[in-house]
Amino acid sequence: MSGPDTKLVEVNFDGIVGPSHNYAGLSLGNIASASHGGDVSYPRAAALQGLEKMRGNLARFGHQGFLLPLPRPNTALTQQLAVDEGTPRQLLAAAWSASSMWTANAATVSPAPDTADGKCHLTPANLVTMLHRAQEWPDTKRMLDIAFGNSAHFAVHDAVPPSFGDEGAANHMRLCEGHGSNGVEVFVYGRPGGKFPARQHEQASRAVARLHGLNPDACVFIEQNPAAIEAGAFHNDVVAVANEHVLFTHAEAFADQQGAYEAMRAAFPALEVVEVPSSAVSLAEAIRTYLFNAQLVTQPGGGMALIVPEECRESASVWAWCEDMLASNGPIREVIPVDVRQSMANGGGPACLRLRVVCDPATVDPRFLLTESKADMMAGVIEANWPGQVDPVDIGSETLASSVIAARAALLTALELTELG
Ligand code: SUG
């Protein structure tokens, strides 16, 4: 292959938290979702927290994208379920879920240097394991088709068919010398049969790799540790994250930890592993604080930064480990806590909220790219329109439905994206 494409940069597309953001306890195996089910949520504060994270990253890295909330409540779904007064609340709540905010589950993305046709390939995740998430992909695809509609540079596929569960980039990592160089793509799947669902099926990962035209020698398929799934790591990105040549991982992330490192190293010899031992941070504490659900990003001046949830700073063991790591002068030079507590309470940390797309930003529909002034404008729309709070008992009410629909419409109008209406 020729040298790295210097126009290619990593752009993070964060999901804007939708106006129906609520805690319905819908995700079996996601401890935060289960334990906050029934709580009052704060959609306006949630969306503003997400926007602040985006603003910080825009200032730090110069590029930031976003994806829009999907239409909720999903009346097609309530009709398909023939929802009436006797229907279990959770089925109704599924049609109201704002879960598309976690764009790490929107799609799997293979950057252009990795693919046979030299285009960046995106496959929306079918998310079939959970009803409230399975409804997302056709609307997500509609949005990706617009944002990445430049067919000289992007190819957007349909989701892989059921029954193979696919949860997108949350179970996918890319190892490379630099974003514009060809990389090795690592797919992490779960083996079914445990207490909680294994949401990523090996055959879904393999289908995505084939759809994207990846070189089989530059793909690694690794099994997630069943004990991690049982402990609440319902996606790999709850226990591991990679950036360029660095893998940042908990020691109990993979079924065969050493075998996983060897397989990655065989395909990508420059791999540098930053492993957090269980003696320093237990699996339970890693999952509670979401240390690994961090954005591991290359800083403009070199070195990497880890953007972690505020909850990490409040944990004695996690913060002590971070301080030791910084003192050791490894590849990660800075740890930046961000407040995404409203999303965290549903099991979504900083990394869940973003989809990484390595691309030339000039080839993306600019309506999906953030600027400072657009962030100001979006904050105004959110402040004026997003509900201040949602009590789960109000899910299903006509009044709340009208305000949720109107809020989303106001944002689409402000962003000139009414074709998504
Ligand atoms: O699919 N939570 C999401 C969290 C997704 C996190 N994403 C990544 N790890 N990349 C999920 O479990 C909770 C919805 C509720 O309970 O109302 C929820 O869907």
# chains A, B, ... in the order shown; residues from 1 in each chain; ligands from 1

$ residues_near_ligand --ligand "ligand 1" --cutoff "6 Å" --atoms "only C-alpha atoms and all ligand atoms" --output "list in words"
Asn22, Tyr23, Ala24, Gly25, Leu26, Ser27, Asn30, Ser33, Ser99, Trp102, Ala104, Asn105, Ala170, His235, Asp237, Val238, Asn346, Gly347, Gly348 and Cys352 of chain A

$ write_last_selection --atoms "N, CA, C and O atoms" --output "PDB file, in the first residue's frame"
ATOM      1  N   ASN A  22     -34.899   8.593  29.283  1.00  0.00           N
ATOM      2  CA  ASN A  22     -35.593   8.150  30.509  1.00  0.00           C
ATOM      3  C   ASN A  22     -34.955   6.875  31.029  1.00  0.00           C
ATOM      4  O   ASN A  22     -34.179   6.220  30.328  1.00  0.00           O
ATOM      5  N   TYR A  23     -35.289   6.571  32.268  1.00  0.00           N
ATOM      6  CA  TYR A  23     -34.742   5.374  32.918  1.00  0.00           C
ATOM      7  C   TYR A  23     -35.849   4.338  33.080  1.00  0.00           C
ATOM      8  O   TYR A  23     -36.678   4.439  33.986  1.00  0.00           O
ATOM      9  N   ALA A  24     -35.853   3.352  32.181  1.00  0.00           N
ATOM     10  CA  ALA A  24     -36.910   2.340  32.218  1.00  0.00           C
ATOM     11  C   ALA A  24     -36.378   0.962  32.579  1.00  0.00           C
ATOM     12  O   ALA A  24     -37.142  -0.003  32.610  1.00  0.00           O
ATOM     13  N   GLY A  25     -35.078   0.864  32.822  1.00  0.00           N
ATOM     14  CA  GLY A  25     -34.507  -0.425  33.219  1.00  0.00           C
ATOM     15  C   GLY A  25     -34.644  -1.488  32.142  1.00  0.00           C
ATOM     16  O   GLY A  25     -34.956  -2.642  32.425  1.00  0.00           O
ATOM     17  N   LEU A  26     -34.357  -1.098  30.890  1.00  0.00           N
ATOM     18  CA  LEU A  26     -34.658  -1.991  29.766  1.00  0.00           C
ATOM     19  C   LEU A  26     -33.556  -2.986  29.412  1.00  0.00           C
ATOM     20  O   LEU A  26     -33.809  -3.947  28.704  1.00  0.00           O
ATOM     21  N   SER A  27     -32.327  -2.736  29.888  1.00  0.00           N
ATOM     22  CA  SER A  27     -31.202  -3.515  29.361  1.00  0.00           C
ATOM     23  C   SER A  27     -30.714  -4.561  30.349  1.00  0.00           C
ATOM     24  O   SER A  27     -29.888  -4.265  31.219  1.00  0.00           O
ATOM     25  N   ASN A  30     -27.042  -4.905  31.915  1.00  0.00           N
ATOM     26  CA  ASN A  30     -26.441  -3.570  32.039  1.00  0.00           C
ATOM     27  C   ASN A  30     -26.824  -3.084  33.445  1.00  0.00           C
ATOM     28  O   ASN A  30     -27.977  -2.726  33.701  1.00  0.00           O
ATOM     29  N   SER A  33     -28.353   0.470  34.006  1.00  0.00           N
ATOM     30  CA  SER A  33     -29.739   0.560  33.509  1.00  0.00           C
ATOM     31  C   SER A  33     -30.695  -0.119  34.473  1.00  0.00           C
ATOM     32  O   SER A  33     -31.747   0.440  34.832  1.00  0.00           O
ATOM     33  N   SER A  99     -32.184   5.579  23.326  1.00  0.00           N
ATOM     34  CA  SER A  99     -30.933   4.824  23.333  1.00  0.00           C
ATOM     35  C   SER A  99     -30.035   5.070  22.115  1.00  0.00           C
ATOM     36  O   SER A  99     -28.857   4.699  22.149  1.00  0.00           O
ATOM     37  N   TRP A 102     -26.263   6.445  22.187  1.00  0.00           N
ATOM     38  CA  TRP A 102     -24.995   5.714  22.331  1.00  0.00           C
ATOM     39  C   TRP A 102     -24.534   5.282  20.941  1.00  0.00           C
ATOM     40  O   TRP A 102     -24.737   4.148  20.506  1.00  0.00           O
ATOM     41  N   ALA A 104     -21.757   4.589  19.730  1.00  0.00           N
ATOM     42  CA  ALA A 104     -20.800   3.482  19.571  1.00  0.00           C
ATOM     43  C   ALA A 104     -21.536   2.229  19.131  1.00  0.00           C
ATOM     44  O   ALA A 104     -20.913   1.280  18.636  1.00  0.00           O
ATOM     45  N   ASN A 105     -22.859   2.222  19.284  1.00  0.00           N
ATOM     46  CA  ASN A 105     -23.669   1.092  18.827  1.00  0.00           C
ATOM     47  C   ASN A 105     -24.415   1.410  17.532  1.00  0.00           C
ATOM     48  O   ASN A 105     -25.263   0.627  17.096  1.00  0.00           O
ATOM     49  N   ALA A 170     -18.874  -0.760  19.449  1.00  0.00           N
ATOM     50  CA  ALA A 170     -18.614  -1.051  20.864  1.00  0.00           C
ATOM     51  C   ALA A 170     -17.847  -2.361  21.037  1.00  0.00           C
ATOM     52  O   ALA A 170     -17.233  -2.588  22.079  1.00  0.00           O
ATOM     53  N   HIS A 235     -20.795  -4.864  26.716  1.00  0.00           N
ATOM     54  CA  HIS A 235     -20.058  -4.595  25.473  1.00  0.00           C
ATOM     55  C   HIS A 235     -18.569  -4.626  25.802  1.00  0.00           C
ATOM     56  O   HIS A 235     -18.164  -4.252  26.909  1.00  0.00           O
ATOM     57  N   ASP A 237     -16.425  -2.519  24.980  1.00  0.00           N
ATOM     58  CA  ASP A 237     -15.888  -1.185  25.290  1.00  0.00           C
ATOM     59  C   ASP A 237     -16.124  -0.773  26.745  1.00  0.00           C
ATOM     60  O   ASP A 237     -15.774   0.341  27.145  1.00  0.00           O
ATOM     61  N   VAL A 238     -16.700  -1.668  27.534  1.00  0.00           N
ATOM     62  CA  VAL A 238     -16.790  -1.418  28.976  1.00  0.00           C
ATOM     63  C   VAL A 238     -15.497  -1.890  29.670  1.00  0.00           C
ATOM     64  O   VAL A 238     -15.213  -1.482  30.792  1.00  0.00           O
ATOM     65  N   ASN A 346     -27.570   5.160  32.730  1.00  0.00           N
ATOM     66  CA  ASN A 346     -28.178   4.143  31.864  1.00  0.00           C
ATOM     67  C   ASN A 346     -27.108   3.250  31.240  1.00  0.00           C
ATOM     68  O   ASN A 346     -27.362   2.534  30.271  1.00  0.00           O
ATOM     69  N   GLY A 347     -25.882   3.328  31.764  1.00  0.00           N
ATOM     70  CA  GLY A 347     -24.818   2.445  31.284  1.00  0.00           C
ATOM     71  C   GLY A 347     -24.068   2.959  30.077  1.00  0.00           C
ATOM     72  O   GLY A 347     -23.476   2.165  29.344  1.00  0.00           O
ATOM     73  N   GLY A 348     -24.067   4.269  29.880  1.00  0.00           N
ATOM     74  CA  GLY A 348     -23.373   4.836  28.717  1.00  0.00           C
ATOM     75  C   GLY A 348     -22.333   5.867  29.122  1.00  0.00           C
ATOM     76  O   GLY A 348     -22.672   6.949  29.582  1.00  0.00           O
ATOM     77  N   CYS A 352     -19.277   5.317  24.855  1.00  0.00           N
ATOM     78  CA  CYS A 352     -20.558   4.854  24.293  1.00  0.00           C
ATOM     79  C   CYS A 352     -21.213   5.953  23.475  1.00  0.00           C
ATOM     80  O   CYS A 352     -21.943   5.688  22.524  1.00  0.00           O
TER      81      CYS A 352
END

$ closest_atom_pairs --of "stretch 192-288 of chain A" --to "stretch 300-324 of chain A" --cutoff "9 Å" --atoms "only C-alpha atoms" --output "Markdown table"
| residue | atom | partner | partner_atom | distance |
| --- | --- | --- | --- | --- |
| A:Asn243 | CA | A:Met304 | CA | 8.5 |
| A:Val276 | CA | A:Trp321 | CA | 8.1 |
| A:Ala280 | CA | A:Ser317 | CA | 6.5 |
| A:Val281 | CA | A:Ser317 | CA | 5.9 |
| A:Ser282 | CA | A:Ser317 | CA | 8.7 |
| A:Glu285 | CA | A:Val318 | CA | 7.7 |
| A:Ala286 | CA | A:Val318 | CA | 7.6 |
| A:Arg288 | CA | A:Glu311 | CA | 8.3 |

$ residues_around --residues "A:Arg341" --least-positions-apart "2" --cutoff "12 Å" --atoms "only C-alpha atoms" --output "VMD selection string"
chain A and resid 32 36 41 to 43 45 to 50 53 289 to 290 308 to 312 337 to 339 343 to 350 353

$ write_last_selection --atoms "N, CA, C and O atoms" --output "compact mmCIF listing (two decimals), in the first residue's frame"
# COMPACT_ATOMS: atom_id res chain seq x y z
N ALA A 32 -26.11 -0.52 35.39
CA ALA A 32 -26.57 0.86 35.62
C ALA A 32 -28.03 1.00 35.17
O ALA A 32 -28.85 1.58 35.88
N HIS A 36 -31.05 1.89 37.86
CA HIS A 36 -31.70 3.21 37.81
C HIS A 36 -33.11 3.14 37.24
O HIS A 36 -33.79 4.17 37.15
N SER A 41 -35.56 11.12 35.13
CA SER A 41 -34.40 11.51 34.31
C SER A 41 -34.49 13.00 34.00
O SER A 41 -35.56 13.62 34.15
N TYR A 42 -33.39 13.54 33.49
CA TYR A 42 -33.30 14.98 33.21
C TYR A 42 -32.78 15.17 31.77
O TYR A 42 -31.58 15.40 31.56
N PRO A 43 -33.68 15.04 30.78
CA PRO A 43 -33.22 15.08 29.38
C PRO A 43 -32.46 16.35 29.00
O PRO A 43 -31.47 16.28 28.27
N ALA A 45 -30.69 18.41 30.92
CA ALA A 45 -29.34 18.37 31.51
C ALA A 45 -28.49 17.31 30.81
O ALA A 45 -27.30 17.53 30.55
N ALA A 46 -29.10 16.19 30.46
CA ALA A 46 -28.37 15.10 29.79
C ALA A 46 -27.82 15.57 28.45
O ALA A 46 -26.64 15.34 28.12
N ALA A 47 -28.67 16.24 27.68
CA ALA A 47 -28.24 16.70 26.35
C ALA A 47 -27.16 17.78 26.47
O ALA A 47 -26.20 17.82 25.69
N LEU A 48 -27.30 18.63 27.50
CA LEU A 48 -26.29 19.69 27.68
C LEU A 48 -24.96 19.10 28.15
O LEU A 48 -23.89 19.56 27.75
N GLN A 49 -25.01 18.05 28.98
CA GLN A 49 -23.77 17.36 29.39
C GLN A 49 -23.05 16.82 28.15
O GLN A 49 -21.84 16.97 27.99
N GLY A 50 -23.83 16.18 27.28
CA GLY A 50 -23.23 15.61 26.06
C GLY A 50 -22.62 16.70 25.19
O GLY A 50 -21.54 16.54 24.62
N LYS A 53 -19.30 17.87 26.51
CA LYS A 53 -18.23 16.93 26.15
C LYS A 53 -17.77 17.20 24.71
O LYS A 53 -16.58 17.26 24.43
N THR A 289 -17.24 2.30 37.46
CA THR A 289 -16.72 3.64 37.13
C THR A 289 -16.57 3.89 35.63
O THR A 289 -16.38 5.02 35.21
N TYR A 290 -16.61 2.81 34.84
CA TYR A 290 -16.44 2.90 33.38
C TYR A 290 -15.07 3.48 32.99
O TYR A 290 -14.96 4.24 32.01
N VAL A 308 -12.30 10.24 30.53
CA VAL A 308 -13.00 9.27 31.39
C VAL A 308 -14.21 9.94 32.06
O VAL A 308 -14.28 11.17 32.16
N PRO A 309 -15.16 9.13 32.55
CA PRO A 309 -16.27 9.72 33.31
C PRO A 309 -15.77 10.28 34.64
O PRO A 309 -14.83 9.73 35.23
N GLU A 310 -16.43 11.31 35.13
CA GLU A 310 -16.12 11.90 36.45
C GLU A 310 -16.08 10.84 37.54
O GLU A 310 -15.33 10.96 38.51
N GLU A 311 -16.90 9.80 37.38
CA GLU A 311 -16.98 8.74 38.39
C GLU A 311 -15.61 8.13 38.65
O GLU A 311 -15.36 7.61 39.75
N CYS A 312 -14.70 8.19 37.68
CA CYS A 312 -13.36 7.62 37.86
C CYS A 312 -12.56 8.41 38.90
O CYS A 312 -11.81 7.84 39.68
N PRO A 337 -11.36 13.98 33.06
CA PRO A 337 -12.72 13.56 33.46
C PRO A 337 -13.79 14.47 32.84
O PRO A 337 -13.59 15.67 32.72
N VAL A 338 -14.90 13.86 32.44
CA VAL A 338 -16.04 14.63 31.92
C VAL A 338 -17.31 14.17 32.64
O VAL A 338 -17.42 13.02 33.05
N ASP A 339 -18.26 15.09 32.76
CA ASP A 339 -19.51 14.79 33.45
C ASP A 339 -20.58 14.37 32.43
O ASP A 339 -21.11 15.20 31.70
N SER A 343 -26.15 10.04 31.23
CA SER A 343 -25.94 8.89 30.34
C SER A 343 -25.37 7.70 31.12
O SER A 343 -25.79 6.55 30.93
N MET A 344 -24.46 7.99 32.03
CA MET A 344 -23.85 6.93 32.86
C MET A 344 -24.90 6.13 33.62
O MET A 344 -24.78 4.92 33.80
N ALA A 345 -25.94 6.81 34.08
CA ALA A 345 -26.96 6.13 34.88
C ALA A 345 -27.74 5.12 34.04
O ALA A 345 -28.48 4.30 34.59
N ASN A 346 -27.57 5.16 32.73
CA ASN A 346 -28.18 4.14 31.86
C ASN A 346 -27.11 3.25 31.24
O ASN A 346 -27.36 2.53 30.27
N GLY A 347 -25.88 3.33 31.76
CA GLY A 347 -24.82 2.44 31.28
C GLY A 347 -24.07 2.96 30.08
O GLY A 347 -23.48 2.16 29.34
N GLY A 348 -24.07 4.27 29.88
CA GLY A 348 -23.37 4.84 28.72
C GLY A 348 -22.33 5.87 29.12
O GLY A 348 -22.67 6.95 29.58
N GLY A 349 -21.06 5.54 28.96
CA GLY A 349 -19.98 6.47 29.30
C GLY A 349 -19.54 7.30 28.10
O GLY A 349 -20.19 7.27 27.05
N PRO A 350 -18.41 8.01 28.26
CA PRO A 350 -17.93 8.88 27.17
C PRO A 350 -17.74 8.14 25.84
O PRO A 350 -18.03 8.69 24.77
N LEU A 353 -20.95 7.20 23.88
CA LEU A 353 -21.65 8.33 23.27
C LEU A 353 -21.05 8.75 21.93
O LEU A 353 -21.52 9.72 21.34

$ residues_around --residues "A:Asn12" --least-positions-apart "5" --cutoff "8 Å" --atoms "only C-alpha atoms" --output "list in words"
His63, Gln64, Gly65, Phe66, Arg354, Leu355, Arg356 and Val357 of chain A

$ select_by_dssp --residues "stretch 108-290 of chain A" --states "helix (DSSP H, G or I)" --output "JSON, numbers by chain"
{"A": [112, 113, 114, 131, 132, 133, 134, 137, 138, 139, 140, 141, 142, 143, 144, 145, 146, 147, 168, 169, 170, 171, 202, 203, 204, 205, 206, 207, 208, 209, 210, 211, 216, 217, 218, 226, 227, 228, 229, 230, 231, 236, 237, 238, 257, 258, 259, 260, 261, 262, 263, 264, 265, 266, 267, 283, 284, 285, 286, 287, 288, 289]}

$ closest_residue --among "A:Val220, A:Ala207, A:Ala112, A:Ala107" --to "A:Glu167" --atoms "only C-alpha atoms"
A:Ala107

$ residues_around --residues "A:His132" --least-positions-apart "3" --cutoff "8 Å" --atoms "only C-alpha atoms" --output "ChimeraX atom specification"
/A:26,93-95,97,99,135-136

$ closest_residue --among "A:Thr418, A:Ser205, A:Gln90, A:Gln299" --to "A:Thr78" --atoms "only C-alpha atoms"
A:Gln90

$ residues_around --residues "A:Arg133" --least-positions-apart "4" --cutoff "12 Å" --atoms "only C-alpha atoms" --output "count of residues only"
34

$ atom_distance --atom1 "atom CA of A:Leu68" --atom2 "atom CA of A:Ile336"
25.3 Å

$ atom_distance --atom1 "atom CA of A:Glu223" --atom2 "atom CA of A:His172"
11.7 Å

$ atom_distance --atom1 "atom CA of A:Gln203" --atom2 "atom CA of A:Leu247"
23.7 Å

$ select_by_dssp --residues "stretch 93-317 of chain A" --states "strand (DSSP E or B)" --output "PyMOL selection string"
chain A and resi 107-110+115+120-124+154-156+172-175+184-189+214+219-224+240-243+246-250+254+272-276+295-298+304-309

$ closest_residue --among "A:Thr115, A:Gln257, A:Ser279, A:Asn57" --to "A:Leu214" --atoms "only C-alpha atoms"
A:Thr115

$ residues_around --residues "A:Asn215" --least-positions-apart "3" --cutoff "12 Å" --atoms "only C-alpha atoms" --output "list in words"
Ser110, Pro113, Asp114, Thr115, Ala116, Asp117, Gly118, Asn182, Gly183, Val184, Glu185, Arg206, Ala209, Arg210, Leu211, His212, Ala218, Cys219, Val220 and Ala267 of chain A

$ write_last_selection --atoms "N, CA and C atoms" --output "PDB file, in the first residue's frame"
ATOM      1  N   SER A 110     -15.173   0.760   9.129  1.00  0.00           N
ATOM      2  CA  SER A 110     -13.834   0.366   8.664  1.00  0.00           C
ATOM      3  C   SER A 110     -13.291   1.480   7.780  1.00  0.00           C
ATOM      4  N   PRO A 113      -8.342   3.037   4.460  1.00  0.00           N
ATOM      5  CA  PRO A 113      -7.080   2.310   4.215  1.00  0.00           C
ATOM      6  C   PRO A 113      -7.187   0.804   4.461  1.00  0.00           C
ATOM      7  N   ASP A 114      -8.254   0.361   5.164  1.00  0.00           N
ATOM      8  CA  ASP A 114      -8.364  -1.061   5.507  1.00  0.00           C
ATOM      9  C   ASP A 114      -9.172  -1.855   4.487  1.00  0.00           C
ATOM     10  N   THR A 115      -9.863  -1.200   3.586  1.00  0.00           N
ATOM     11  CA  THR A 115     -10.863  -1.899   2.777  1.00  0.00           C
ATOM     12  C   THR A 115     -10.384  -2.123   1.343  1.00  0.00           C
ATOM     13  N   ALA A 116     -10.968  -3.168   0.700  1.00  0.00           N
ATOM     14  CA  ALA A 116     -10.511  -3.547  -0.646  1.00  0.00           C
ATOM     15  C   ALA A 116     -10.772  -2.449  -1.664  1.00  0.00           C
ATOM     16  N   ASP A 117     -11.894  -1.718  -1.515  1.00  0.00           N
ATOM     17  CA  ASP A 117     -12.205  -0.703  -2.530  1.00  0.00           C
ATOM     18  C   ASP A 117     -11.730   0.698  -2.138  1.00  0.00           C
ATOM     19  N   GLY A 118     -11.042   0.817  -1.007  1.00  0.00           N
ATOM     20  CA  GLY A 118     -10.488   2.119  -0.616  1.00  0.00           C
ATOM     21  C   GLY A 118     -11.537   3.116  -0.150  1.00  0.00           C
ATOM     22  N   ASN A 182      -2.961   1.823   6.992  1.00  0.00           N
ATOM     23  CA  ASN A 182      -3.832   0.647   7.072  1.00  0.00           C
ATOM     24  C   ASN A 182      -3.735   0.022   8.463  1.00  0.00           C
ATOM     25  N   GLY A 183      -4.851  -0.550   8.910  1.00  0.00           N
ATOM     26  CA  GLY A 183      -4.923  -1.030  10.290  1.00  0.00           C
ATOM     27  C   GLY A 183      -5.334  -2.480  10.377  1.00  0.00           C
ATOM     28  N   VAL A 184      -5.279  -2.974  11.598  1.00  0.00           N
ATOM     29  CA  VAL A 184      -5.774  -4.312  11.920  1.00  0.00           C
ATOM     30  C   VAL A 184      -7.061  -4.111  12.699  1.00  0.00           C
ATOM     31  N   GLU A 185      -8.118  -4.790  12.291  1.00  0.00           N
ATOM     32  CA  GLU A 185      -9.406  -4.601  12.969  1.00  0.00           C
ATOM     33  C   GLU A 185      -9.681  -5.789  13.872  1.00  0.00           C
ATOM     34  N   ARG A 206     -17.995 -11.517  11.800  1.00  0.00           N
ATOM     35  CA  ARG A 206     -17.354 -12.041  10.574  1.00  0.00           C
ATOM     36  C   ARG A 206     -18.063 -11.528   9.318  1.00  0.00           C
ATOM     37  N   ALA A 209     -16.928  -7.977   8.684  1.00  0.00           N
ATOM     38  CA  ALA A 209     -15.570  -7.947   8.110  1.00  0.00           C
ATOM     39  C   ALA A 209     -15.616  -8.270   6.606  1.00  0.00           C
ATOM     40  N   ARG A 210     -16.460  -9.227   6.235  1.00  0.00           N
ATOM     41  CA  ARG A 210     -16.562  -9.577   4.805  1.00  0.00           C
ATOM     42  C   ARG A 210     -17.225  -8.457   4.017  1.00  0.00           C
ATOM     43  N   LEU A 211     -18.328  -7.927   4.585  1.00  0.00           N
ATOM     44  CA  LEU A 211     -19.038  -6.833   3.895  1.00  0.00           C
ATOM     45  C   LEU A 211     -18.107  -5.656   3.615  1.00  0.00           C
ATOM     46  N   HIS A 212     -17.204  -5.416   4.559  1.00  0.00           N
ATOM     47  CA  HIS A 212     -16.336  -4.240   4.437  1.00  0.00           C
ATOM     48  C   HIS A 212     -15.124  -4.496   3.549  1.00  0.00           C
ATOM     49  N   ALA A 218      -5.669  -9.121   8.276  1.00  0.00           N
ATOM     50  CA  ALA A 218      -5.655  -7.915   9.114  1.00  0.00           C
ATOM     51  C   ALA A 218      -6.919  -7.853   9.985  1.00  0.00           C
ATOM     52  N   CYS A 219      -7.501  -9.035  10.248  1.00  0.00           N
ATOM     53  CA  CYS A 219      -8.671  -9.116  11.132  1.00  0.00           C
ATOM     54  C   CYS A 219      -8.362 -10.099  12.253  1.00  0.00           C
ATOM     55  N   VAL A 220      -8.773  -9.762  13.443  1.00  0.00           N
ATOM     56  CA  VAL A 220      -8.599 -10.654  14.586  1.00  0.00           C
ATOM     57  C   VAL A 220      -9.960 -10.791  15.260  1.00  0.00           C
ATOM     58  N   ALA A 267      -0.840 -10.105  14.229  1.00  0.00           N
ATOM     59  CA  ALA A 267      -1.328  -9.304  13.092  1.00  0.00           C
ATOM     60  C   ALA A 267      -0.754  -7.888  13.121  1.00  0.00           C
TER      61      ALA A 267
END

$ closest_residue --among "A:Pro216, A:Gly62, A:Pro69, A:Pro4" --to "A:Gly421" --atoms "only C-alpha atoms"
A:Pro69
